[in-house]
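Asks: So I've got this file, target.cif, and it contains mmCIF, C-alpha atoms:
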```cif
data_model
#
loop_
_atom_site.label_atom_id
_atom_site.label_comp_id
_atom_site.auth_asym_id
_atom_site.auth_seq_id
_atom_site.Cartn_x
_atom_site.Cartn_y
_atom_site.Cartn_z
CA MET A 56 259.92 -30.96 147.46
CA THR A 57 261.11 -34.37 146.29
CA ARG A 58 261.64 -37.09 148.81
CA LEU A 59 265.13 -38.51 148.85
CA VAL A 60 265.93 -41.97 150.10
CA ILE A 61 269.61 -42.82 149.71
CA LEU A 62 270.36 -46.42 150.55
CA ALA A 63 273.51 -46.11 152.56
CA ALA A 64 274.48 -46.82 156.16
CA ALA A 65 272.11 -48.68 158.44
CA VAL A 66 270.38 -46.29 160.79
CA LEU A 67 267.67 -47.38 163.24
CA GLY A 68 268.00 -50.89 161.88
CA LEU A 69 267.20 -49.99 158.26
CA ALA A 70 269.30 -49.27 155.19
CA SER A 71 268.20 -45.69 154.59
CA PRO A 72 269.51 -42.30 155.64
CA CYS A 73 266.91 -41.64 158.32
CA PHE A 74 268.50 -38.50 159.75
CA PRO A 75 272.09 -38.53 158.43
CA LYS A 76 272.42 -34.76 158.18
CA GLU A 77 270.05 -32.77 160.32
CA ASN A 78 268.12 -30.30 158.20
CA ALA A 79 270.15 -31.05 155.05
CA GLU A 80 268.70 -29.16 152.10
CA VAL A 81 269.27 -28.44 148.42
CA LYS A 82 267.79 -25.42 146.64
CA GLU A 83 265.49 -26.12 143.72
CA ARG A 84 264.97 -23.81 140.77
CA ASP A 85 261.48 -22.72 141.88
CA GLY A 86 262.66 -21.52 145.27
CA TYR A 87 261.42 -24.45 147.35
CA VAL A 88 263.77 -26.80 149.12
CA LYS A 89 264.51 -30.46 148.60
CA ARG A 90 265.19 -32.31 151.86
CA GLU A 91 265.91 -35.85 152.89
CA CYS A 92 262.74 -37.38 154.23
CA LEU A 93 262.12 -40.65 156.06
CA ASN A 94 258.57 -42.02 156.00
CA LEU A 95 256.96 -45.05 157.58
CA SER A 96 257.28 -47.13 154.40
CA ASP A 97 261.07 -46.79 154.68
CA LEU A 98 261.19 -48.76 157.94
CA LYS A 99 261.67 -52.11 156.25
CA ASP A 100 262.22 -54.00 159.50
CA PHE A 101 259.13 -52.57 161.22
CA THR A 102 255.88 -54.51 161.08
CA PRO A 103 252.84 -52.47 162.17
CA ALA A 104 250.92 -54.04 165.03
CA ALA A 105 247.56 -55.50 164.00
CA GLU A 106 246.09 -54.21 167.26
CA VAL A 107 247.36 -51.64 169.75
CA LYS A 108 245.33 -51.88 172.94
CA LEU A 109 244.68 -48.48 174.49
CA SER A 110 243.20 -47.31 177.76
CA GLN A 111 240.27 -44.91 177.73
CA TYR A 112 242.81 -42.06 177.96
CA GLY A 113 244.93 -43.31 175.06
CA GLY A 114 247.67 -44.98 177.10
CA TRP A 115 249.39 -48.16 175.91
CA MET A 116 248.02 -51.16 177.81
CA GLU A 117 251.13 -53.24 177.14
CA LYS A 118 253.09 -51.35 179.80
CA LYS A 119 251.63 -50.34 183.15
CA GLU A 120 253.04 -48.45 186.13
CA LYS A 121 251.47 -47.28 189.36
CA ALA A 122 248.20 -45.44 188.77
CA THR A 123 247.64 -42.11 190.53
CA GLY A 124 244.30 -41.13 188.98
CA PHE A 125 245.99 -38.27 187.11
CA PHE A 126 248.59 -37.82 184.38
CA HIS A 127 252.21 -37.63 185.50
CA ALA A 128 255.67 -38.10 183.98
CA ALA A 129 258.15 -40.87 184.73
CA LYS A 130 261.50 -42.06 183.44
CA LEU A 131 261.49 -45.82 182.90
CA ASP A 132 264.62 -47.70 181.85
CA GLY A 133 266.20 -44.50 180.57
CA GLN A 134 263.14 -43.39 178.60
CA TRP A 135 260.66 -40.66 179.47
CA TRP A 136 256.92 -41.31 179.36
CA VAL A 137 253.75 -39.68 180.49
CA ILE A 138 251.74 -42.06 182.66
CA ASP A 139 247.98 -41.88 182.22
CA PRO A 140 245.51 -41.83 185.14
CA GLU A 141 245.14 -45.63 184.96
CA GLY A 142 248.90 -46.16 185.06
CA TYR A 143 249.55 -46.92 181.39
CA VAL A 144 252.40 -45.30 179.49
CA PHE A 145 251.26 -42.46 177.24
CA LEU A 146 252.77 -40.40 174.44
CA CYS A 147 251.10 -37.08 173.59
CA VAL A 148 249.75 -37.03 170.03
CA GLY A 149 247.76 -33.83 169.80
CA VAL A 150 246.56 -30.90 167.72
CA ASN A 151 246.41 -27.27 168.82
CA SER A 152 243.40 -24.97 168.51
CA VAL A 153 240.68 -27.56 168.15
CA VAL A 154 237.78 -25.09 168.27
CA PRO A 155 234.44 -24.64 166.49
CA ALA A 156 234.25 -22.02 163.78
CA SER A 157 231.82 -19.80 165.72
CA GLU A 158 233.68 -17.35 167.95
CA ASP A 159 231.58 -17.73 171.13
CA ALA A 160 231.19 -21.51 170.94
CA ALA A 161 234.13 -22.30 173.20
CA ALA A 162 232.58 -20.57 176.22
CA ASN A 163 228.88 -20.96 175.34
CA PRO A 164 228.53 -24.05 173.16
CA SER A 165 225.21 -24.58 171.40
CA PRO A 166 223.78 -28.05 170.65
CA ALA A 167 225.29 -27.71 167.18
CA ASP A 168 228.69 -26.91 168.71
CA LEU A 169 228.47 -29.95 170.97
CA GLU A 170 227.61 -32.11 167.97
CA TRP A 171 230.62 -30.64 166.17
CA GLY A 172 232.73 -31.51 169.17
CA GLU A 173 231.56 -35.13 169.30
CA GLN A 174 232.20 -35.57 165.58
CA THR A 175 235.57 -33.83 165.63
CA LEU A 176 236.93 -35.80 168.57
CA ALA A 177 235.71 -39.01 166.95
CA LYS A 178 237.63 -38.09 163.79
CA LEU A 179 240.75 -37.25 165.79
CA ARG A 180 240.59 -40.57 167.63
CA GLU A 181 240.01 -42.46 164.37
CA HIS A 182 243.27 -40.98 163.10
CA GLY A 183 245.22 -41.80 166.24
CA PHE A 184 245.26 -38.41 167.98
CA ASN A 185 244.86 -38.81 171.72
CA MET A 186 244.75 -35.26 173.12
CA LEU A 187 244.01 -31.60 172.47
CA GLY A 188 246.80 -29.07 172.48
CA CYS A 189 246.89 -25.42 173.48
CA TRP A 190 244.07 -23.02 172.56
CA SER A 191 241.49 -25.79 172.22
CA ALA A 192 237.84 -25.46 173.30
CA THR A 193 238.32 -27.17 176.65
CA ASP A 194 235.05 -25.95 178.19
CA LEU A 195 233.18 -27.51 175.28
CA VAL A 196 235.21 -30.73 175.39
CA ARG A 197 234.53 -31.24 179.07
CA LYS A 198 230.79 -31.27 178.29
CA LEU A 199 231.04 -34.08 175.75
CA SER A 200 229.94 -37.64 176.40
CA LYS A 201 233.49 -38.84 175.74
CA PRO A 202 236.11 -36.16 176.42
CA MET A 203 239.75 -36.25 175.41
CA PRO A 204 242.87 -35.37 177.42
CA TYR A 205 243.52 -31.64 177.22
CA CYS A 206 245.70 -28.90 178.68
CA LEU A 207 245.09 -25.37 179.94
CA ARG A 208 247.03 -22.13 179.40
CA TRP A 209 246.88 -19.24 181.91
CA ASN A 210 248.91 -16.37 180.38
CA ILE A 211 250.20 -15.47 183.82
CA MET A 212 253.08 -13.20 182.83
CA ALA A 213 251.26 -11.85 179.77
CA VAL A 214 248.36 -10.63 181.90
CA TYR A 215 250.64 -9.42 184.69
CA ARG A 216 252.64 -7.33 182.21
CA LYS A 217 249.51 -5.39 181.21
CA GLN A 218 248.69 -4.30 184.73
CA ARG A 219 252.31 -3.72 185.78
CA ALA A 220 252.68 -0.47 183.81
CA ALA A 221 250.53 1.42 186.33
CA LYS A 222 253.34 1.13 188.86
CA TYR A 223 256.41 0.61 186.65
CA PRO A 224 255.98 2.82 183.54
CA GLU A 225 258.97 1.36 181.67
CA THR A 226 257.11 -1.97 181.37
CA GLY A 227 257.31 -3.41 177.88
CA LYS A 228 259.87 -0.97 176.48
CA VAL A 229 262.52 -3.70 176.35
CA GLU A 230 262.12 -7.46 176.15
CA ALA A 231 261.83 -8.72 179.70
CA ILE A 232 259.63 -10.59 182.12
CA TYR A 233 259.07 -9.51 185.72
CA PRO A 234 259.44 -12.36 188.22
CA PHE A 235 261.45 -10.16 190.62
CA ASP A 236 258.51 -7.84 191.33
CA PRO A 237 257.35 -8.19 194.93
CA GLU A 238 253.76 -8.22 193.59
CA PHE A 239 254.28 -11.10 191.18
CA GLU A 240 254.04 -13.96 193.67
CA ALA A 241 250.64 -12.83 194.95
CA PHE A 242 249.47 -12.35 191.37
CA CYS A 243 250.40 -15.96 190.55
CA ASP A 244 248.46 -17.14 193.56
CA GLN A 245 245.40 -15.13 192.50
CA VAL A 246 245.44 -16.55 188.97
CA ALA A 247 245.99 -20.09 190.23
CA LYS A 248 242.72 -19.96 192.17
CA GLY A 249 241.07 -20.53 188.81
CA MET A 250 242.60 -24.01 188.75
CA ASP A 251 240.25 -25.16 191.50
CA GLU A 252 237.55 -25.91 188.92
CA THR A 253 239.56 -28.61 187.15
CA LYS A 254 241.88 -29.87 189.88
CA ASP A 255 239.98 -33.16 190.18
CA ASP A 256 239.55 -33.77 186.44
CA PRO A 257 241.50 -36.86 185.32
CA TRP A 258 241.30 -35.77 181.66
CA LEU A 259 243.47 -32.69 182.28
CA LEU A 260 247.08 -33.39 181.32
CA GLY A 261 248.48 -30.22 182.88
CA HIS A 262 248.91 -26.45 182.85
CA PHE A 263 250.87 -24.14 180.56
CA SER A 264 251.65 -20.94 182.44
CA ASP A 265 252.37 -18.76 179.37
CA ASN A 266 253.35 -18.88 175.70
CA GLU A 267 256.67 -17.84 174.14
CA LEU A 268 258.02 -15.48 176.78
CA PRO A 269 261.10 -13.39 175.83
CA PHE A 270 263.84 -15.56 177.34
CA HIS A 271 266.70 -14.27 175.18
CA GLU A 272 270.15 -14.76 176.67
CA GLY A 273 272.24 -12.28 174.66
CA GLY A 274 272.39 -8.92 176.43
CA ILE A 275 269.84 -9.89 179.06
CA VAL A 276 271.74 -8.24 181.95
CA GLU A 277 271.95 -4.94 180.07
CA ARG A 278 268.23 -5.12 179.25
CA TYR A 279 267.33 -5.48 182.91
CA LEU A 280 269.81 -2.78 183.93
CA SER A 281 268.20 -0.44 181.40
CA HIS A 282 265.10 -0.20 183.59
CA PRO A 283 264.92 2.72 186.06
CA GLN A 284 266.85 2.26 189.28
CA ASN A 285 263.70 1.80 191.36
CA ASP A 286 262.35 -0.88 189.04
CA PRO A 287 262.74 -4.45 190.40
CA CYS A 288 264.26 -5.49 187.06
CA HIS A 289 267.13 -3.06 187.50
CA GLU A 290 267.52 -3.89 191.18
CA ALA A 291 267.78 -7.63 190.46
CA ALA A 292 270.37 -7.15 187.72
CA GLU A 293 272.38 -4.69 189.80
CA LYS A 294 272.43 -7.06 192.76
CA PHE A 295 273.45 -9.92 190.48
CA MET A 296 276.32 -7.97 188.92
CA ALA A 297 277.54 -6.84 192.34
CA SER A 298 277.82 -10.51 193.31
CA ARG A 299 279.82 -11.18 190.13
CA LYS A 300 282.16 -8.21 190.69
CA ASN A 301 282.12 -7.37 186.98
CA ARG A 302 282.04 -3.78 185.73
CA LYS A 303 280.43 -4.75 182.43
CA PRO A 304 278.29 -7.83 181.77
CA GLU A 305 279.94 -10.59 179.78
CA LYS A 306 278.55 -13.73 178.13
CA ASP A 307 278.90 -15.81 181.27
CA ASP A 308 276.98 -13.18 183.21
CA ASP A 309 274.13 -13.27 180.69
CA ARG A 310 274.00 -17.04 180.90
CA GLU A 311 273.84 -17.13 184.68
CA PHE A 312 271.38 -14.25 184.91
CA LEU A 313 269.05 -15.95 182.43
CA HIS A 314 269.15 -19.00 184.70
CA LEU A 315 268.15 -16.76 187.61
CA VAL A 316 265.29 -15.13 185.67
CA VAL A 317 263.89 -18.46 184.48
CA SER A 318 264.25 -20.08 187.90
CA GLU A 319 262.53 -17.20 189.69
CA TYR A 320 259.60 -17.23 187.26
CA TYR A 321 259.17 -21.02 187.29
CA ARG A 322 259.48 -21.26 191.07
CA LYS A 323 256.77 -18.71 191.79
CA VAL A 324 254.42 -20.07 189.16
CA SER A 325 255.00 -23.65 190.28
CA ASP A 326 254.37 -22.81 193.95
CA ALA A 327 251.02 -21.23 193.08
CA LEU A 328 249.99 -24.04 190.78
CA ARG A 329 250.81 -26.79 193.25
CA LYS A 330 249.03 -24.93 196.04
CA HIS A 331 245.76 -24.77 194.12
CA ASP A 332 246.11 -27.90 191.98
CA PRO A 333 248.40 -30.53 193.48
CA ASN A 334 247.08 -33.20 191.11
CA HIS A 335 248.20 -31.99 187.70
CA MET A 336 251.48 -31.32 185.97
CA TYR A 337 253.10 -27.99 185.30
CA ILE A 338 253.99 -28.33 181.62
CA GLY A 339 255.95 -25.12 181.19
CA SER A 340 255.72 -21.89 179.21
CA ARG A 341 256.37 -23.09 175.64
CA PHE A 342 259.98 -22.08 174.99
CA HIS A 343 260.78 -20.94 171.46
CA GLY A 344 263.16 -19.23 169.06
CA LEU A 345 266.79 -18.36 169.67
CA ALA A 346 266.36 -18.95 173.39
CA LEU A 347 266.36 -22.70 172.66
CA ASN A 348 270.13 -22.45 172.21
CA SER A 349 270.53 -21.43 175.87
CA PRO A 350 271.16 -24.37 178.23
CA ALA A 351 270.23 -22.14 181.19
CA LEU A 352 266.65 -22.11 179.96
CA PHE A 353 266.27 -25.82 180.60
CA SER A 354 268.31 -26.11 183.79
CA GLY A 355 266.42 -23.15 185.25
CA ALA A 356 262.97 -24.55 184.48
CA GLY A 357 263.65 -28.20 185.14
CA ARG A 358 263.63 -27.98 188.91
CA TYR A 359 260.05 -26.71 188.96
CA ALA A 360 258.24 -27.98 185.83
CA ASP A 361 257.12 -31.57 185.25
CA ILE A 362 257.47 -31.33 181.46
CA ILE A 363 259.37 -28.79 179.37
CA SER A 364 257.25 -27.54 176.45
CA VAL A 365 258.97 -26.32 173.27
CA ASN A 366 257.54 -24.64 170.18
CA TYR A 367 260.01 -26.11 167.70
CA TYR A 368 260.30 -24.35 164.36
CA HIS A 369 262.82 -23.93 161.53
CA ARG A 370 263.96 -27.54 161.71
CA TRP A 371 263.12 -30.09 159.06
CA THR A 372 264.53 -32.90 161.18
CA PRO A 373 264.38 -33.04 164.99
CA GLU A 374 267.86 -32.50 166.42
CA HIS A 375 268.29 -35.72 168.36
CA ASP A 376 271.32 -34.76 170.44
CA LEU A 377 269.94 -31.30 171.22
CA ILE A 378 266.61 -32.65 172.49
CA GLN A 379 268.49 -35.19 174.57
CA ASP A 380 270.59 -32.39 176.01
CA TRP A 381 267.47 -30.36 176.87
CA ALA A 382 266.00 -33.32 178.73
CA LYS A 383 269.28 -34.06 180.51
CA ARG A 384 269.78 -30.47 181.66
CA ALA A 385 266.19 -30.13 182.81
CA GLY A 386 265.97 -33.60 184.29
CA LYS A 387 262.50 -33.64 182.73
CA PRO A 388 260.94 -34.79 179.44
CA ILE A 389 260.40 -32.58 176.40
CA LEU A 390 257.01 -32.04 174.74
CA ILE A 391 257.01 -30.42 171.27
CA THR A 392 254.01 -28.11 171.43
CA GLU A 393 254.12 -26.41 168.00
CA TRP A 394 255.45 -27.42 164.56
CA TYR A 395 253.97 -27.64 161.08
CA ALA A 396 254.48 -27.16 157.34
CA LYS A 397 252.42 -24.96 155.01
CA ALA A 398 251.79 -25.68 151.33
CA ALA A 399 251.54 -23.46 148.30
CA ASP A 400 248.69 -25.54 146.83
CA SER A 401 246.42 -24.41 149.68
CA GLY A 402 245.78 -21.21 147.73
CA LEU A 403 246.65 -19.17 150.81
CA PRO A 404 249.35 -16.46 150.87
CA ILE A 405 251.65 -18.61 152.98
CA GLU A 406 254.63 -16.30 152.48
CA LYS A 407 253.02 -13.60 154.63
CA GLY A 408 253.25 -15.27 157.99
CA GLY A 409 253.67 -18.32 160.14
CA ALA A 410 256.81 -20.12 161.20
CA GLY A 411 256.08 -23.44 159.48
CA PHE A 412 258.10 -24.80 156.58
CA PRO A 413 256.90 -23.69 153.13
CA VAL A 414 256.45 -26.66 150.79
CA LYS A 415 254.75 -27.23 147.45
CA SER A 416 251.85 -29.49 148.25
CA GLN A 417 249.68 -31.19 150.84
CA SER A 418 251.48 -34.39 149.92
CA ASP A 419 254.71 -32.75 151.08
CA ARG A 420 253.06 -31.73 154.35
CA ALA A 421 252.07 -35.36 154.84
CA LYS A 422 255.65 -36.53 154.26
CA PHE A 423 256.91 -33.92 156.70
CA TYR A 424 254.46 -35.13 159.36
CA GLN A 425 255.84 -38.65 159.14
CA HIS A 426 259.49 -37.61 158.88
CA PHE A 427 259.33 -35.28 161.86
CA THR A 428 257.33 -37.57 164.16
CA LEU A 429 259.58 -40.55 163.45
CA GLY A 430 262.47 -38.38 164.58
CA LEU A 431 260.66 -37.51 167.79
CA LEU A 432 259.64 -41.11 168.46
CA LYS A 433 263.29 -42.13 168.19
CA ASN A 434 264.15 -39.79 171.07
CA PRO A 435 263.82 -41.20 174.62
CA GLY A 436 263.72 -37.66 176.03
CA CYS A 437 260.58 -36.69 174.10
CA VAL A 438 257.02 -37.51 175.23
CA GLY A 439 255.16 -36.41 172.12
CA TRP A 440 253.91 -33.53 170.02
CA HIS A 441 251.08 -31.12 169.28
CA TRP A 442 250.67 -30.14 165.60
CA PHE A 443 249.92 -26.47 164.99
CA LYS A 444 246.96 -26.42 164.30
CA TYR A 445 243.45 -27.79 163.57
CA ARG A 446 242.08 -25.18 161.12
CA ASP A 447 243.71 -22.87 158.59
CA SER A 448 243.80 -19.14 159.22
CA ALA A 449 242.89 -16.62 156.52
CA GLN A 450 246.54 -16.13 155.55
CA ASN A 451 248.24 -19.39 156.40
CA ASN A 452 248.03 -23.15 155.97
CA PRO A 453 248.87 -24.79 159.29
CA GLY A 454 245.55 -26.62 159.49
CA MET A 455 244.51 -30.24 159.38
CA VAL A 456 241.38 -28.79 157.77
CA ASN A 457 240.86 -25.68 155.65
CA GLY A 458 238.78 -22.66 156.59
CA GLN A 459 235.59 -24.49 155.58
CA ASP A 460 236.46 -27.49 157.81
CA GLU A 461 237.29 -29.62 154.78
CA PRO A 462 240.08 -32.07 155.67
CA TYR A 463 243.42 -32.29 153.92
CA THR A 464 242.92 -36.00 153.39
CA VAL A 465 246.49 -36.90 152.46
CA LEU A 466 247.76 -35.25 155.66
CA TRP A 467 245.15 -37.00 157.82
CA ASN A 468 245.99 -40.37 156.30
CA ALA A 469 249.74 -39.91 156.77
CA ALA A 470 249.19 -38.85 160.37
CA LYS A 471 246.99 -41.89 161.01
CA GLU A 472 249.70 -44.26 159.81
CA ILE A 473 252.08 -42.90 162.45
CA ASN A 474 249.64 -42.04 165.23
CA THR A 475 248.00 -45.44 165.43
CA GLN A 476 251.44 -47.07 165.76
CA VAL A 477 253.21 -44.60 168.07
CA TYR A 478 253.83 -47.13 170.84
CA PRO A 479 255.13 -49.99 168.66
CA LEU A 480 257.17 -47.41 166.72
CA ALA A 481 258.67 -45.97 169.90
CA LYS A 482 259.60 -49.47 171.02
CA PHE A 483 261.17 -50.22 167.62
CA LEU A 484 263.00 -46.93 167.14
CA ARG A 485 264.38 -46.76 170.67
CA LYS A 486 265.53 -50.36 170.85
CA ASP A 487 269.21 -49.40 170.53
#
```
Would you kindly transcribe this structure into structure tokens?
Replies:
Amino acid sequence: MTRLVILAAAVLGLASPCFPKENAEVKERDGYVKRECLNLSDLKDFTPAAEVKLSQYGGWMEKKEKATGFFHAAKLDGQWWVIDPEGYVFLCVGVNSVVPASEDAAANPSPADLEWGEQTLAKLREHGFNMLGCWSATDLVRKLSKPMPYCLRWNIMAVYRKQRAAKYPETGKVEAIYPFDPEFEAFCDQVAKGMDETKDDPWLLGHFSDNELPFHEGGIVERYLSHPQNDPCHEAAEKFMASRKNRKPEKDDDREFLHLVVSEYYRKVSDALRKHDPNHMYIGSRFHGLALNSPALFSGAGRYADIISVNYYHRWTPEHDLIQDWAKRAGKPILITEWYAKAADSGLPIEKGGAGFPVKSQSDRAKFYQHFTLGLLKNPGCVGWHWFKYRDSAQNNPGMVNGQDEPYTVLWNAAKEINTQVYPLAKFLRKD
């Protein structure tokens, strides 16, 4: 992948293409793709700050709002921010799956695991990361001398689905979630009791309720109607269609019913979360895939979530107008909770799995990190990102380190250049 910089129209105050054509690409002979790529060195009018003063939580001490003792979100002068527990504006710069290599370390950390944790968090901070994303070893991190902001995931619908089949045998035979079940609300409340343990922890950013639920708009009414007549899925869809007076579901019906499904799920989860943990944010269920093209997803969730989380794949360049539209429809900020590129020079069979972009080298991954994050920092509706993930798997190269915990140095260095300047960069890129 060769980086292209075409000196043309001024964009973001510089004479380079920045993001002239979202996800523009040209096929190369070896099967990889050449894409336009903006890196920090291309911002000719930007001067990195010699010092960026940060709070203990990683917030920017140049701009302070009212402190609540916990993280929360606020829109200030048309721009969304997270506000840290001390009241300073905060952008999420995180990595997913920060865990020790030993399988039981997350729940039962040994002295060696705790030492690993201290060293790893120190390395993350040195390179400008300020929080831990999903699937990280939060129990271990909370035991460290200097923790880092983190988030929790509860798998509410995923766990509920497993036990639902005892009463509703058609469970799982079509893509659906089950917020209309009369039992679901009590189940949410039961799960949310587990939040009592961390409800007073200022280092907790917020709660994910699930990951990548099947919120697909096309044909959703028919999928729910395909359940048996005594199943709450069928009953909800039948009642909805009766109110619409349509004999056969149409596109508008699917759109409105998706809004109902999302709203019902988010309302019940949010009620349980706020009952047991009124201090922390509900940061969504990590929307993904084709469902991201459905406006109803964001309008349905926005009333109940504090932040809308999105696993954002198959884009080389963040779609500025689309992210703005998500934030506008939700009335809440957007947090990008998964994205990455994987490189052929890792020696791993990257073609076998993973949604990240395939590129030639670690150098290309580094360029992608800068290009993508500069696009996000430009967007006033976005409050940050979590790279997927800390360590490589056996068959993929999403990691900041390989399977032996050896760092991909060029990627770390490129990330540091951006991460340590996120607040001055946001101020510069959003100035228009």
Asks: Please build the interface table for segment 257-290 of chain A against segment 356-378 of chain A with a cut-off of 10 Å, listing for each qualifying residue the nearest atom pair and the distance in Å to one decimal; count all atoms listed in the file, order rows by chain and increasing number, and write it as a Markdown table.
Replies:
```
| residue | atom | partner | partner_atom | distance |
| --- | --- | --- | --- | --- |
| A:Gly261 | CA | A:Asp361 | CA | 9.1 |
| A:His262 | CA | A:Ala360 | CA | 9.9 |
| A:Phe263 | CA | A:Ser364 | CA | 8.3 |
| A:Asn266 | CA | A:Asn366 | CA | 9.0 |
| A:Glu267 | CA | A:Asn366 | CA | 7.9 |
```
Asks: Could you list, as a list of chain:residue names, every residue within 10 Å of Thr193 of chain A, counting only C-alpha atoms and ignoring same-chain residues fewer than 4 positions away?
Replies: A:Ser152, A:Val153, A:Val154, A:Ala161, A:Ala162, A:Leu187, A:Gly188, A:Cys189, A:Arg197, A:Lys198, A:Pro202, A:Met203, A:Pro204, A:Tyr205, A:Cys206, A:Leu207, A:Leu259
Asks: Compare A:Arg341, A:Arg384, A:Lys254, A:Lys486 by their minimum atom-to-atom distance to Gly133 of chain A, counting only C-alpha atoms, and give me the closest one.
Replies: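 Among the listed residues, the smallest separation from Gly133 of chain A belongs to A:Lys486.
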Asks: Excluding Glu311 of chain A and residues on its chain fewer than 5 positions from it, collect all residues at most 12 Å away from it, counting all atoms listed in the file, and give them as an MDAnalysis selection string.
Replies: chainID A and resid 272:276 292 295:296 298:299 304:306 316:318 349:352 354:355
Asks: Give me the residues within 8 Å of segment 481-485 of chain A as JSON, numbers by chain, counting only C-alpha atoms and dropping any in the same chain fewer than 5 places off.
Replies: {"A": [67, 101, 432, 433, 434, 435]}
Asks: What separation in Å, quoted to one decimal, exists between atom CA of Lys471 of chain A and atom CA of Gln111 of chain A?
Replies: 18.3 Å
Asks: Choose the residue, out of A:Leu429, A:Trp258, A:Pro388, A:Ser325, that has the smallest atom-to-atom separation from Leu98 of chain A; count only C-alpha atoms.
Replies: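 Smallest separation from Leu98 of chain A among the options: A:Leu429.
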Asks: Find the distance between atom CA of Ala221 of chain A and atom CA of His271 of chain A and write it in Å to one decimal.
Replies: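 Distance between the two atoms: 25.1 Å.
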Asks: Counting all atoms listed in the file, which residue out of A:Asn301, A:Ser96, A:Thr226, A:Thr253 sits closest to Asp286 of chain A?
Replies: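 Smallest separation from Asp286 of chain A among the options: A:Thr226.
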Asks: Choose the residue, out of A:Leu95, A:Ala421, A:Ala449, A:Ala128, that has the smallest atom-to-atom separation from Leu403 of chain A; count all atoms listed in the file.
Replies: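 Of all the options, A:Ala449 lies closest to Leu403 of chain A.
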Asks: Would you list the residues near (253.0, -26.2, 166.5), meaning any protein, DNA or RNA residue with an atom at most 7 Å from that point in file coordinates, counting all atoms listed in the file, as a list in words?
Replies: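 Those within range, by chain then number, are Asn366, Thr392, Glu393, Trp394, Tyr395, His441, Trp442, Phe443 and Lys444 of chain A.
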Asks: Find the residue from A:Asp168, A:Ala177, A:Val246, A:Asn210 that sits nearest to Asp194 of chain A; use all atoms listed in the file when measuring.
Replies: A:Asp168
Asks: List every protein, DNA or RNA residue that has at least one atom no more than 12 Å from (245.2, -47.9, 181.4) in the file's coordinates, counting all atoms listed in the file, and write the result as an mmCIF file with C-alpha atoms, in the coordinates of the input.
Replies:
```cif
data_model
loop_
_atom_site.group_PDB
_atom_site.id
_atom_site.type_symbol
_atom_site.label_atom_id
_atom_site.label_comp_id
_atom_site.auth_asym_id
_atom_site.auth_seq_id
_atom_site.Cartn_x
_atom_site.Cartn_y
_atom_site.Cartn_z
ATOM 1 C CA LYS A 108 245.330 -51.880 172.940
ATOM 2 C CA LEU A 109 244.680 -48.480 174.490
ATOM 3 C CA SER A 110 243.200 -47.310 177.760
ATOM 4 C CA GLN A 111 240.270 -44.910 177.730
ATOM 5 C CA TYR A 112 242.810 -42.060 177.960
ATOM 6 C CA GLY A 113 244.930 -43.310 175.060
ATOM 7 C CA GLY A 114 247.670 -44.980 177.100
ATOM 8 C CA TRP A 115 249.390 -48.160 175.910
ATOM 9 C CA MET A 116 248.020 -51.160 177.810
ATOM 10 C CA GLU A 117 251.130 -53.240 177.140
ATOM 11 C CA LYS A 118 253.090 -51.350 179.800
ATOM 12 C CA LYS A 119 251.630 -50.340 183.150
ATOM 13 C CA GLU A 120 253.040 -48.450 186.130
ATOM 14 C CA LYS A 121 251.470 -47.280 189.360
ATOM 15 C CA ALA A 122 248.200 -45.440 188.770
ATOM 16 C CA THR A 123 247.640 -42.110 190.530
ATOM 17 C CA GLY A 124 244.300 -41.130 188.980
ATOM 18 C CA PHE A 125 245.990 -38.270 187.110
ATOM 19 C CA PHE A 126 248.590 -37.820 184.380
ATOM 20 C CA VAL A 137 253.750 -39.680 180.490
ATOM 21 C CA ILE A 138 251.740 -42.060 182.660
ATOM 22 C CA ASP A 139 247.980 -41.880 182.220
ATOM 23 C CA PRO A 140 245.510 -41.830 185.140
ATOM 24 C CA GLU A 141 245.140 -45.630 184.960
ATOM 25 C CA GLY A 142 248.900 -46.160 185.060
ATOM 26 C CA TYR A 143 249.550 -46.920 181.390
ATOM 27 C CA VAL A 144 252.400 -45.300 179.490
ATOM 28 C CA PHE A 145 251.260 -42.460 177.240
#
```
Asks: To one decimal in Å, tell me the separation between atom CA of Leu199 of chain A and atom CA of Asn185 of chain A.
Replies: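 Atom CA of Asn185 of chain A lies 15.2 Å from atom CA of Leu199 of chain A.
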Asks: Just want the 8 Å neighbourhood of segment 233-239 of chain A, counted on only C-alpha atoms, with same-chain residues fewer than 4 positions away dropped. Output as a list of chain:residue names.
Replies: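 The filter keeps A:Met212, A:Tyr215, A:Arg216, A:Cys243, A:Pro287, A:Cys288, A:Ala291, A:Val316, A:Glu319, A:Tyr320, A:Lys323.
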Asks: Using only C-alpha atoms, which of A:Leu313, A:Ala104, A:Val456, A:Ile391 sits nearest Arg278 of chain A?
Replies: A:Leu313
